[in-house]
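Trainee: upload_11.cif is the file, holding mmCIF, C-alpha atoms:
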```cif
data_start
#
loop_
_atom_site.label_atom_id
_atom_site.label_comp_id
_atom_site.auth_asym_id
_atom_site.auth_seq_id
_atom_site.Cartn_x
_atom_site.Cartn_y
_atom_site.Cartn_z
CA MET A 1 -7.79 -23.41 0.29
CA HIS A 2 -5.51 -23.73 3.32
CA ARG A 3 -2.39 -23.47 1.15
CA ILE A 4 -3.49 -20.36 -0.74
CA LEU A 5 -2.42 -16.87 0.34
CA LEU A 6 -4.47 -14.09 -1.26
CA VAL A 7 -2.86 -10.63 -0.99
CA SER A 8 -4.86 -7.59 -2.08
CA ASP A 9 -4.07 -3.95 -2.63
CA MET A 10 -6.70 -1.61 -1.14
CA ASP A 11 -7.29 1.66 -3.02
CA GLY A 12 -8.55 1.06 -6.55
CA THR A 13 -8.62 -2.70 -5.95
CA LEU A 14 -10.52 -3.80 -2.83
CA LEU A 15 -12.21 -0.56 -1.73
CA ASP A 16 -14.95 1.20 -3.66
CA ARG A 17 -15.14 4.94 -4.37
CA GLU A 18 -16.56 5.51 -0.88
CA GLN A 19 -13.60 3.72 0.72
CA ARG A 20 -15.77 0.76 1.66
CA ILE A 21 -15.56 -2.99 1.11
CA SER A 22 -18.58 -4.06 -0.91
CA ALA A 23 -20.89 -6.68 0.54
CA GLU A 24 -19.96 -8.95 -2.38
CA ASN A 25 -16.24 -8.67 -1.71
CA ALA A 26 -16.64 -9.07 2.05
CA GLU A 27 -18.82 -12.17 1.71
CA ALA A 28 -16.41 -13.80 -0.74
CA ILE A 29 -13.38 -13.07 1.44
CA ARG A 30 -15.08 -14.52 4.53
CA ARG A 31 -16.06 -17.62 2.59
CA PHE A 32 -12.46 -18.00 1.42
CA GLN A 33 -11.19 -17.62 5.01
CA ALA A 34 -13.79 -20.08 6.32
CA GLN A 35 -12.42 -22.69 3.91
CA GLY A 36 -8.91 -22.21 5.29
CA GLY A 37 -7.68 -19.59 2.85
CA LEU A 38 -5.19 -16.99 4.04
CA PHE A 39 -6.10 -13.38 3.24
CA THR A 40 -4.23 -10.14 3.88
CA LEU A 41 -3.65 -6.63 2.57
CA ALA A 42 -0.69 -4.97 0.85
CA THR A 43 -1.02 -1.21 1.02
CA GLY A 44 0.76 2.09 1.44
CA ARG A 45 -1.43 2.85 4.46
CA THR A 46 -0.55 2.81 8.15
CA GLU A 47 -1.77 0.47 10.89
CA ALA A 48 -4.35 3.04 11.99
CA ALA A 49 -5.65 3.53 8.45
CA VAL A 50 -6.19 -0.21 7.86
CA ALA A 51 -7.50 -1.07 11.34
CA PRO A 52 -11.24 -0.71 10.53
CA TYR A 53 -10.89 -3.04 7.53
CA VAL A 54 -8.81 -5.55 9.47
CA ARG A 55 -11.55 -5.72 12.11
CA GLU A 56 -14.30 -5.95 9.48
CA LEU A 57 -12.67 -8.92 7.75
CA GLY A 58 -11.15 -10.54 10.83
CA ILE A 59 -7.66 -10.55 9.30
CA ARG A 60 -5.01 -12.26 11.42
CA VAL A 61 -2.40 -12.82 8.71
CA PRO A 62 0.45 -10.25 8.81
CA LEU A 63 -0.15 -7.10 6.77
CA ILE A 64 2.16 -5.49 4.22
CA LEU A 65 2.08 -1.78 5.10
CA TYR A 66 3.79 1.42 3.88
CA ASN A 67 4.12 -0.19 0.43
CA GLY A 68 6.38 -2.88 1.84
CA ALA A 69 8.47 -0.94 4.35
CA ARG A 70 6.74 -2.67 7.26
CA LEU A 71 5.35 -6.16 7.88
CA TYR A 72 2.90 -6.01 10.78
CA CYS A 73 0.98 -8.78 12.58
CA PRO A 74 -2.48 -7.52 13.70
CA ALA A 75 -3.14 -10.64 15.79
CA GLU A 76 -0.11 -9.89 18.00
CA ASP A 77 0.02 -6.11 17.45
CA LYS A 78 3.65 -6.59 16.53
CA VAL A 79 6.00 -5.33 13.82
CA LEU A 80 7.71 -8.35 12.26
CA GLU A 81 9.96 -6.66 9.71
CA GLU A 82 10.76 -3.04 8.93
CA LYS A 83 13.03 -0.98 6.70
CA TYR A 84 13.98 2.65 7.29
CA LEU A 85 14.64 5.64 5.08
CA GLU A 86 17.79 7.66 5.82
CA LEU A 87 16.54 11.09 4.78
CA ASP A 88 18.70 14.12 5.54
CA PRO A 89 16.81 17.15 6.92
CA SER A 90 18.38 19.34 4.22
CA LEU A 91 16.88 17.22 1.44
CA TRP A 92 13.55 17.30 3.25
CA GLY A 93 13.77 21.10 3.19
CA GLU A 94 14.43 21.10 -0.57
CA ILE A 95 11.43 18.82 -1.13
CA VAL A 96 9.15 21.04 0.94
CA ASP A 97 10.38 24.18 -0.80
CA LEU A 98 9.82 22.72 -4.27
CA ALA A 99 6.41 21.38 -3.28
CA GLY A 100 5.24 24.81 -2.20
CA ALA A 101 1.47 25.12 -2.29
CA ASP A 102 1.18 22.54 -5.08
CA ALA A 103 1.77 19.41 -3.01
CA ALA A 104 1.37 17.98 0.46
CA VAL A 105 4.51 16.40 1.92
CA LEU A 106 4.18 13.83 4.70
CA VAL A 107 6.73 11.89 6.70
CA TYR A 108 5.88 8.63 8.51
CA HIS A 109 7.60 8.06 11.84
CA CYS A 110 6.90 5.39 14.48
CA GLY A 111 3.37 4.77 13.24
CA SER A 112 2.45 8.48 13.18
CA VAL A 113 2.14 10.87 10.24
CA PHE A 114 3.62 14.37 10.18
CA SER A 115 3.01 17.00 7.51
CA ALA A 116 5.11 19.92 6.39
CA ASN A 117 2.26 22.07 5.16
CA ARG A 118 -1.51 22.25 5.50
CA ASN A 119 -3.35 22.59 2.16
CA SER A 120 -6.25 21.12 0.20
CA TRP A 121 -4.14 18.18 -1.01
CA LEU A 122 -3.39 17.17 2.56
CA ASP A 123 -7.04 17.60 3.59
CA ALA A 124 -8.19 15.32 0.77
CA HIS A 125 -5.60 12.67 1.61
CA GLU A 126 -6.57 12.68 5.30
CA ARG A 127 -10.24 12.23 4.41
CA LYS A 128 -9.39 9.31 2.14
CA ASP A 129 -7.18 7.47 4.64
CA GLY A 130 -9.17 8.48 7.71
CA VAL A 131 -5.99 9.43 9.58
CA ALA A 132 -5.03 12.96 10.66
CA SER A 133 -1.44 14.15 10.46
CA GLN A 134 0.44 16.30 12.93
CA SER A 135 2.53 19.31 12.03
CA ILE A 136 6.19 18.38 11.85
CA SER A 137 6.96 21.72 13.50
CA GLU A 138 5.56 20.23 16.70
CA LEU A 139 8.52 17.85 16.90
CA ALA A 140 11.51 19.04 18.93
CA GLU A 141 13.93 17.06 16.77
CA TRP A 142 14.05 15.68 13.23
CA PRO A 143 12.08 12.39 13.26
CA CYS A 144 14.23 9.30 13.17
CA PRO A 145 13.72 6.56 12.12
CA ILE A 146 11.58 7.35 9.06
CA THR A 147 9.41 4.68 7.46
CA LYS A 148 8.55 6.61 4.28
CA VAL A 149 7.75 9.99 2.77
CA LEU A 150 4.58 10.59 0.77
CA ILE A 151 4.11 13.44 -1.69
CA VAL A 152 0.55 14.19 -2.78
CA ALA A 153 0.93 16.53 -5.74
CA ALA A 154 -1.60 18.77 -7.43
CA THR A 155 -0.52 17.56 -10.88
CA PRO A 156 1.56 14.75 -12.40
CA GLN A 157 4.01 17.40 -13.58
CA LYS A 158 4.65 18.58 -10.02
CA ALA A 159 5.10 14.99 -8.88
CA LEU A 160 7.65 14.47 -11.66
CA GLN A 161 9.60 17.57 -10.60
CA LEU A 162 9.82 16.25 -7.06
CA GLU A 163 10.77 12.77 -8.30
CA GLU A 164 13.65 14.27 -10.30
CA LEU A 165 14.83 16.24 -7.26
CA VAL A 166 14.99 13.11 -5.08
CA HIS A 167 16.58 11.04 -7.83
CA SER A 168 19.30 13.64 -8.46
CA SER A 169 20.09 13.82 -4.72
CA GLY A 170 21.50 10.29 -4.76
CA LEU A 171 19.39 9.25 -1.76
CA PRO A 172 19.36 5.42 -1.44
CA CYS A 173 15.63 4.78 -1.78
CA GLU A 174 12.81 3.39 -3.90
CA LEU A 175 10.60 5.86 -5.78
CA VAL A 176 7.17 4.57 -6.75
CA TYR A 177 3.76 5.93 -7.66
CA SER A 178 0.72 4.57 -5.80
CA GLU A 179 -1.60 6.90 -7.72
CA GLU A 180 -0.99 9.26 -10.61
CA THR A 181 -0.06 12.14 -8.29
CA TYR A 182 1.04 10.11 -5.23
CA LEU A 183 4.84 9.79 -5.16
CA GLU A 184 6.21 7.53 -2.42
CA ILE A 185 9.81 7.71 -1.20
CA LEU A 186 10.52 4.32 0.37
CA PRO A 187 13.53 2.76 2.06
CA PHE A 188 16.04 1.07 -0.22
CA LYS A 189 14.76 -2.33 -1.39
CA ALA A 190 11.34 -1.79 0.19
CA SER A 191 8.47 -3.00 -2.00
CA LYS A 192 5.32 -5.06 -1.76
CA GLY A 193 7.09 -7.88 -3.58
CA GLU A 194 10.02 -7.95 -1.13
CA ALA A 195 7.56 -7.86 1.78
CA LEU A 196 5.62 -10.76 0.27
CA GLN A 197 8.78 -12.88 0.40
CA GLU A 198 9.24 -11.94 4.06
CA LEU A 199 5.59 -12.78 4.77
CA ILE A 200 5.95 -16.22 3.20
CA ARG A 201 8.96 -16.94 5.40
CA HIS A 202 7.06 -15.89 8.53
CA LEU A 203 4.04 -18.05 7.67
CA GLY A 204 6.17 -21.14 7.05
CA VAL A 205 3.37 -22.96 5.20
CA GLU A 206 4.73 -25.79 3.06
CA GLY A 207 3.54 -25.68 -0.54
CA LEU A 208 1.98 -22.25 -0.16
CA ARG A 209 0.57 -20.74 -3.35
CA THR A 210 0.37 -16.95 -3.51
CA ILE A 211 -2.06 -14.74 -5.43
CA GLY A 212 -1.57 -10.97 -5.68
CA ILE A 213 -4.11 -8.38 -6.85
CA GLY A 214 -3.43 -4.72 -7.61
CA ASN A 215 -4.09 -1.71 -9.77
CA HIS A 216 -1.12 0.68 -9.89
CA LEU A 217 2.65 0.91 -10.32
CA ASN A 218 3.38 0.25 -6.64
CA ASP A 219 1.72 -3.16 -7.10
CA ILE A 220 4.00 -4.35 -9.90
CA SER A 221 6.49 -6.04 -7.55
CA LEU A 222 3.61 -7.79 -5.75
CA ILE A 223 2.13 -9.04 -9.02
CA GLN A 224 5.51 -10.27 -10.25
CA GLN A 225 6.47 -11.97 -6.98
CA ALA A 226 3.15 -13.80 -6.51
CA ASP A 227 2.66 -17.19 -8.13
CA LEU A 228 -0.41 -15.71 -9.83
CA GLY A 229 -0.75 -11.96 -10.31
CA TYR A 230 -4.06 -10.28 -11.16
CA ALA A 231 -4.64 -6.80 -12.55
CA VAL A 232 -8.05 -5.22 -12.08
CA ASP A 233 -9.68 -3.84 -15.23
CA ASN A 234 -8.94 -0.26 -14.14
CA ALA A 235 -5.25 -1.00 -13.59
CA HIS A 236 -2.36 1.05 -14.96
CA PRO A 237 -1.33 -0.23 -18.44
CA LYS A 238 2.15 -1.19 -17.19
CA LEU A 239 0.64 -3.35 -14.45
CA LYS A 240 -1.64 -5.06 -16.96
CA GLU A 241 1.42 -5.89 -19.06
CA VAL A 242 3.14 -7.85 -16.28
CA ALA A 243 0.02 -9.47 -14.76
CA ASP A 244 -0.67 -13.17 -15.33
CA ALA A 245 -4.42 -12.59 -15.49
CA HIS A 246 -7.02 -9.81 -15.49
CA THR A 247 -10.19 -9.42 -13.48
CA VAL A 248 -13.11 -7.00 -13.47
CA HIS A 249 -13.12 -3.31 -12.55
CA TYR A 250 -12.70 -2.65 -8.83
CA GLU A 251 -16.24 -1.24 -8.67
CA GLU A 252 -17.52 -4.59 -9.96
CA HIS A 253 -16.26 -6.55 -6.91
CA ALA A 254 -12.89 -7.74 -8.24
CA LEU A 255 -11.99 -9.75 -5.13
CA ALA A 256 -15.27 -11.64 -5.29
CA ASP A 257 -14.61 -12.42 -8.97
CA ILE A 258 -11.16 -13.85 -8.22
CA ILE A 259 -12.36 -15.88 -5.24
CA HIS A 260 -15.27 -17.31 -7.24
CA ARG A 261 -12.75 -18.41 -9.87
CA LEU A 262 -10.72 -20.12 -7.15
CA PHE A 263 -13.71 -22.09 -5.92
CA ASP A 264 -14.71 -23.01 -9.47
CA SER A 265 -11.21 -24.29 -10.25
CA ASN A 266 -11.20 -26.40 -7.11
#
```
Represent the structure from my file as structure tokens, please.

Mentor:
Amino acid sequence: MHRILLVSDMDGTLLDREQRISAENAEAIRRFQAQGGLFTLATGRTEAAVAPYVRELGIRVPLILYNGARLYCPAEDKVLEEKYLELDPSLWGEIVDLAGADAAVLVYHCGSVFSANRNSWLDAHERKDGVASQSISELAEWPCPITKVLIVAATPQKALQLEELVHSSGLPCELVYSEETYLEILPFKASKGEALQELIRHLGVEGLRTIGIGNHLNDISLIQQADLGYAVDNAHPKLKEVADAHTVHYEEHALADIIHRLFDSN
């Protein structure tokens, strides 16, 4: 197993509905690690939001965070690679105005999260990630550099309106959905797949075989870049189309299923 790198998405893949790692998944991951396997996470979350899970699983392999905008080593508490979003304050203002009361708009800066407006969508997102945001009005200057912007919309239609606004602005960026109403504005060429390539270079393991697991559109690049890409049973149809293999529903311990297959094949 020492030449296998297993990279998992979190929400809708590894974590259950209560934002926990099931005992079955945790046991399988620890067994995989004990046999020399390399395990890490690829997520849109921040360092603070993943920290409890990193401690629980004893992860020392660099993490893919912010949907690929940052590669972070938990063992050294060090950012290895990072891309930035060049967002003009005027476009930010247009986004916030269009969002109104029907979306939460967050900007990620230097490991902290700042929000433009406090509403129920923001409250729900903070509960899910376990990280509180600060009001952007508390900042004396426009935050720079920016790692990403997250829009949590009330409806898919509102998310689409905001996507069209950003697209028409000509901003060099990547637009991707991590959930049906979660629109992420990422730095140009930032993706989980690009970050996986950077991670492989940092590890420097000869003959490394990579396995990616995900559930939504932001995982497509990860699934395509990995040597073997898995889609969970609850995955978006487009992800299932590009995946090499399928596994069980995330509530049925998908990571454990994949790891058991690995041990059976070996």

Trainee: Please provide as a PyMOL selection string all residues within 12 Å of A:Arg118, with the sequence filter that same-chain residues fewer than 3 positions apart are discarded (counting all atoms listed in the file).

Mentor: chain A and resi 96+99-106+114-115+121-126+132-137+152

Trainee: Distance atom CA of A:Glu76-atom CA of A:Ile29, one decimal place?

Mentor: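 A separation of 21.5 Å between them.
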
Trainee: One decimal, Å: what's the distance from atom CA of A:Tyr108 over to atom CA of A:Asn234, could you say?

Mentor: 28.5 Å

Trainee: So, with all atoms listed in the file as the atoms that count, which of A:Val113, A:Cys73, A:Ala226, A:Ala42 lies closest to A:His202?

Mentor: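 Comparing A:Val113, A:Cys73, A:Ala226, A:Ala42 against A:His202, the winner is A:Cys73.
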
Trainee: For a test of reading the model, state the distance in Å between atom CA of A:Asp97 and atom CA of A:Ile146, rounded to one decimal.

Mentor: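 Value for the atom CA of A:Asp97-atom CA of A:Ile146 distance: 19.5 Å.
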
Trainee: Would you please work out which residue, of A:Gly193, A:Gly207, A:Pro145, A:Gly44, is nearest to A:Leu87 when using only C-alpha atoms?

Mentor: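 Checking each candidate against A:Leu87, we get A:Pro145 as the closest.
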
Trainee: On this file, the PyMOL selection byres ((chain A and resi 209-219) around 8) gives some set of residues; write that set as a ChimeraX atom specification.

Mentor: /A:3-10,12-13,67,176-179,191-193,207-208,220-223,226-232,234-236,238-239

Trainee: Report as a ChimeraX atom specification the full result of the PyMOL selection byres ((chain A and resi 86) around 12) when it is applied to this structure.

Mentor: /A:83-85,87-92,107,109,142-149,170-174,185-188

Trainee: A:Arg31: which residues within 12 Å, counting only C-alpha atoms, same-chain residues fewer than 5 positions away excluded, as a list in words?

Mentor: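 Counting only the stated atoms, we get Met1, Glu24, Asn25, Ala26, Gly36, Gly37, Leu38, Phe39, Leu57, Gly58, Leu255, Ala256, Ile259, His260, Leu262 and Phe263 of chain A.
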
Trainee: Expanded to explicit residues, what is the PyMOL selection byres ((chain A and resi 56) around 12) for this file, as a count of residues only?

Mentor: 19

Trainee: Taking all atoms listed in the file into account, which of A:Leu203, A:Ile95, A:Leu196, A:Ile258 comes nearest A:Leu183?

Mentor: A:Ile95

Trainee: Which one is closest to A:Ile64: A:Glu198, A:Asp77, A:Glu164, A:Glu184? Count only C-alpha atoms.

Mentor: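 The closest residue to A:Ile64 is A:Glu198.
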
Trainee: So which residues touch A:Glu81 within 8 Å, counting all atoms listed in the file, skipping near sequence neighbours fewer than 3 positions away, as a list in words?

Mentor: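 Once the adjacent positions are removed, what remains is Ala69, Arg70, Leu71, Tyr72 and Glu198 of chain A.
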
Trainee: Can you give me all heavy atoms for stretch 216-227 of chain A, written as a PDB file, in the frame of the given file?

Mentor:
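Dumped everything to result.pdb:
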```
ATOM      1  N   HIS A 216      -1.989  -0.424  -9.469  1.00  0.00           N
ATOM      2  CA  HIS A 216      -1.120   0.680  -9.890  1.00  0.00           C
ATOM      3  C   HIS A 216       0.355   0.252  -9.858  1.00  0.00           C
ATOM      4  O   HIS A 216       0.683  -0.903  -9.573  1.00  0.00           O
ATOM      5  CB  HIS A 216      -1.355   1.904  -9.003  1.00  0.00           C
ATOM      6  CG  HIS A 216      -1.119   3.198  -9.733  1.00  0.00           C
ATOM      7  ND1 HIS A 216      -1.994   3.688 -10.675  1.00  0.00           N
ATOM      8  CD2 HIS A 216      -0.095   4.087  -9.671  1.00  0.00           C
ATOM      9  CE1 HIS A 216      -1.530   4.833 -11.159  1.00  0.00           C
ATOM     10  NE2 HIS A 216      -0.373   5.086 -10.571  1.00  0.00           N
ATOM     11  N   LEU A 217       1.226   1.213 -10.153  1.00  0.00           N
ATOM     12  CA  LEU A 217       2.650   0.910 -10.320  1.00  0.00           C
ATOM     13  C   LEU A 217       3.289   0.355  -9.054  1.00  0.00           C
ATOM     14  O   LEU A 217       4.218  -0.453  -9.132  1.00  0.00           O
ATOM     15  CB  LEU A 217       3.393   2.170 -10.768  1.00  0.00           C
ATOM     16  CG  LEU A 217       2.924   2.765 -12.112  1.00  0.00           C
ATOM     17  CD1 LEU A 217       3.655   4.069 -12.389  1.00  0.00           C
ATOM     18  CD2 LEU A 217       3.146   1.775 -13.246  1.00  0.00           C
ATOM     19  N   ASN A 218       2.818   0.778  -7.884  1.00  0.00           N
ATOM     20  CA  ASN A 218       3.380   0.250  -6.640  1.00  0.00           C
ATOM     21  C   ASN A 218       3.010  -1.201  -6.399  1.00  0.00           C
ATOM     22  O   ASN A 218       3.535  -1.834  -5.473  1.00  0.00           O
ATOM     23  CB  ASN A 218       2.925   1.099  -5.445  1.00  0.00           C
ATOM     24  CG  ASN A 218       1.418   1.120  -5.273  1.00  0.00           C
ATOM     25  OD1 ASN A 218       0.672   1.212  -6.244  1.00  0.00           O
ATOM     26  ND2 ASN A 218       0.948   1.051  -4.047  1.00  0.00           N
ATOM     27  N   ASP A 219       2.120  -1.751  -7.230  1.00  0.00           N
ATOM     28  CA  ASP A 219       1.720  -3.160  -7.100  1.00  0.00           C
ATOM     29  C   ASP A 219       2.481  -4.077  -8.050  1.00  0.00           C
ATOM     30  O   ASP A 219       2.305  -5.296  -7.995  1.00  0.00           O
ATOM     31  CB  ASP A 219       0.218  -3.311  -7.376  1.00  0.00           C
ATOM     32  CG  ASP A 219      -0.634  -2.550  -6.384  1.00  0.00           C
ATOM     33  OD1 ASP A 219      -0.358  -2.656  -5.185  1.00  0.00           O
ATOM     34  OD2 ASP A 219      -1.567  -1.847  -6.806  1.00  0.00           O
ATOM     35  N   ILE A 220       3.311  -3.521  -8.910  1.00  0.00           N
ATOM     36  CA  ILE A 220       4.000  -4.350  -9.900  1.00  0.00           C
ATOM     37  C   ILE A 220       4.857  -5.419  -9.235  1.00  0.00           C
ATOM     38  O   ILE A 220       4.841  -6.595  -9.625  1.00  0.00           O
ATOM     39  CB  ILE A 220       4.856  -3.473 -10.848  1.00  0.00           C
ATOM     40  CG1 ILE A 220       3.948  -2.720 -11.822  1.00  0.00           C
ATOM     41  CG2 ILE A 220       5.860  -4.329 -11.628  1.00  0.00           C
ATOM     42  CD1 ILE A 220       4.680  -1.806 -12.791  1.00  0.00           C
ATOM     43  N   SER A 221       5.624  -5.052  -8.213  1.00  0.00           N
ATOM     44  CA  SER A 221       6.490  -6.040  -7.550  1.00  0.00           C
ATOM     45  C   SER A 221       5.661  -7.147  -6.889  1.00  0.00           C
ATOM     46  O   SER A 221       6.071  -8.314  -6.879  1.00  0.00           O
ATOM     47  CB  SER A 221       7.381  -5.363  -6.506  1.00  0.00           C
ATOM     48  OG  SER A 221       6.605  -4.777  -5.468  1.00  0.00           O
ATOM     49  N   LEU A 222       4.496  -6.802  -6.353  1.00  0.00           N
ATOM     50  CA  LEU A 222       3.610  -7.790  -5.750  1.00  0.00           C
ATOM     51  C   LEU A 222       3.103  -8.764  -6.809  1.00  0.00           C
ATOM     52  O   LEU A 222       3.121  -9.995  -6.611  1.00  0.00           O
ATOM     53  CB  LEU A 222       2.428  -7.101  -5.079  1.00  0.00           C
ATOM     54  CG  LEU A 222       1.286  -8.000  -4.575  1.00  0.00           C
ATOM     55  CD1 LEU A 222       1.759  -8.865  -3.412  1.00  0.00           C
ATOM     56  CD2 LEU A 222       0.081  -7.148  -4.156  1.00  0.00           C
ATOM     57  N   ILE A 223       2.663  -8.221  -7.930  1.00  0.00           N
ATOM     58  CA  ILE A 223       2.130  -9.040  -9.020  1.00  0.00           C
ATOM     59  C   ILE A 223       3.202  -9.968  -9.580  1.00  0.00           C
ATOM     60  O   ILE A 223       2.943 -11.127  -9.902  1.00  0.00           O
ATOM     61  CB  ILE A 223       1.569  -8.132 -10.137  1.00  0.00           C
ATOM     62  CG1 ILE A 223       0.411  -7.278  -9.620  1.00  0.00           C
ATOM     63  CG2 ILE A 223       1.133  -8.951 -11.344  1.00  0.00           C
ATOM     64  CD1 ILE A 223      -0.717  -8.043  -8.986  1.00  0.00           C
ATOM     65  N   GLN A 224       4.420  -9.458  -9.694  1.00  0.00           N
ATOM     66  CA  GLN A 224       5.510 -10.270 -10.250  1.00  0.00           C
ATOM     67  C   GLN A 224       5.991 -11.326  -9.266  1.00  0.00           C
ATOM     68  O   GLN A 224       6.381 -12.423  -9.670  1.00  0.00           O
ATOM     69  CB  GLN A 224       6.673  -9.363 -10.651  1.00  0.00           C
ATOM     70  CG  GLN A 224       6.372  -8.467 -11.841  1.00  0.00           C
ATOM     71  CD  GLN A 224       7.527  -7.563 -12.203  1.00  0.00           C
ATOM     72  OE1 GLN A 224       8.207  -7.035 -11.318  1.00  0.00           O
ATOM     73  NE2 GLN A 224       7.758  -7.356 -13.485  1.00  0.00           N
ATOM     74  N   GLN A 225       5.978 -11.021  -7.979  1.00  0.00           N
ATOM     75  CA  GLN A 225       6.470 -11.970  -6.980  1.00  0.00           C
ATOM     76  C   GLN A 225       5.468 -13.086  -6.712  1.00  0.00           C
ATOM     77  O   GLN A 225       5.862 -14.223  -6.412  1.00  0.00           O
ATOM     78  CB  GLN A 225       6.771 -11.225  -5.674  1.00  0.00           C
ATOM     79  CG  GLN A 225       7.355 -12.095  -4.577  1.00  0.00           C
ATOM     80  CD  GLN A 225       8.663 -12.746  -4.982  1.00  0.00           C
ATOM     81  OE1 GLN A 225       9.535 -12.090  -5.568  1.00  0.00           O
ATOM     82  NE2 GLN A 225       8.831 -14.016  -4.688  1.00  0.00           N
ATOM     83  N   ALA A 226       4.183 -12.794  -6.788  1.00  0.00           N
ATOM     84  CA  ALA A 226       3.150 -13.800  -6.510  1.00  0.00           C
ATOM     85  C   ALA A 226       3.186 -14.906  -7.562  1.00  0.00           C
ATOM     86  O   ALA A 226       3.599 -14.694  -8.704  1.00  0.00           O
ATOM     87  CB  ALA A 226       1.779 -13.139  -6.492  1.00  0.00           C
ATOM     88  N   ASP A 227       2.739 -16.089  -7.167  1.00  0.00           N
ATOM     89  CA  ASP A 227       2.660 -17.190  -8.130  1.00  0.00           C
ATOM     90  C   ASP A 227       1.654 -16.873  -9.230  1.00  0.00           C
ATOM     91  O   ASP A 227       1.833 -17.278 -10.386  1.00  0.00           O
ATOM     92  CB  ASP A 227       2.229 -18.474  -7.411  1.00  0.00           C
ATOM     93  CG  ASP A 227       3.282 -18.940  -6.423  1.00  0.00           C
ATOM     94  OD1 ASP A 227       4.478 -18.933  -6.780  1.00  0.00           O
ATOM     95  OD2 ASP A 227       2.918 -19.305  -5.288  1.00  0.00           O
TER      96      ASP A 227
END
```
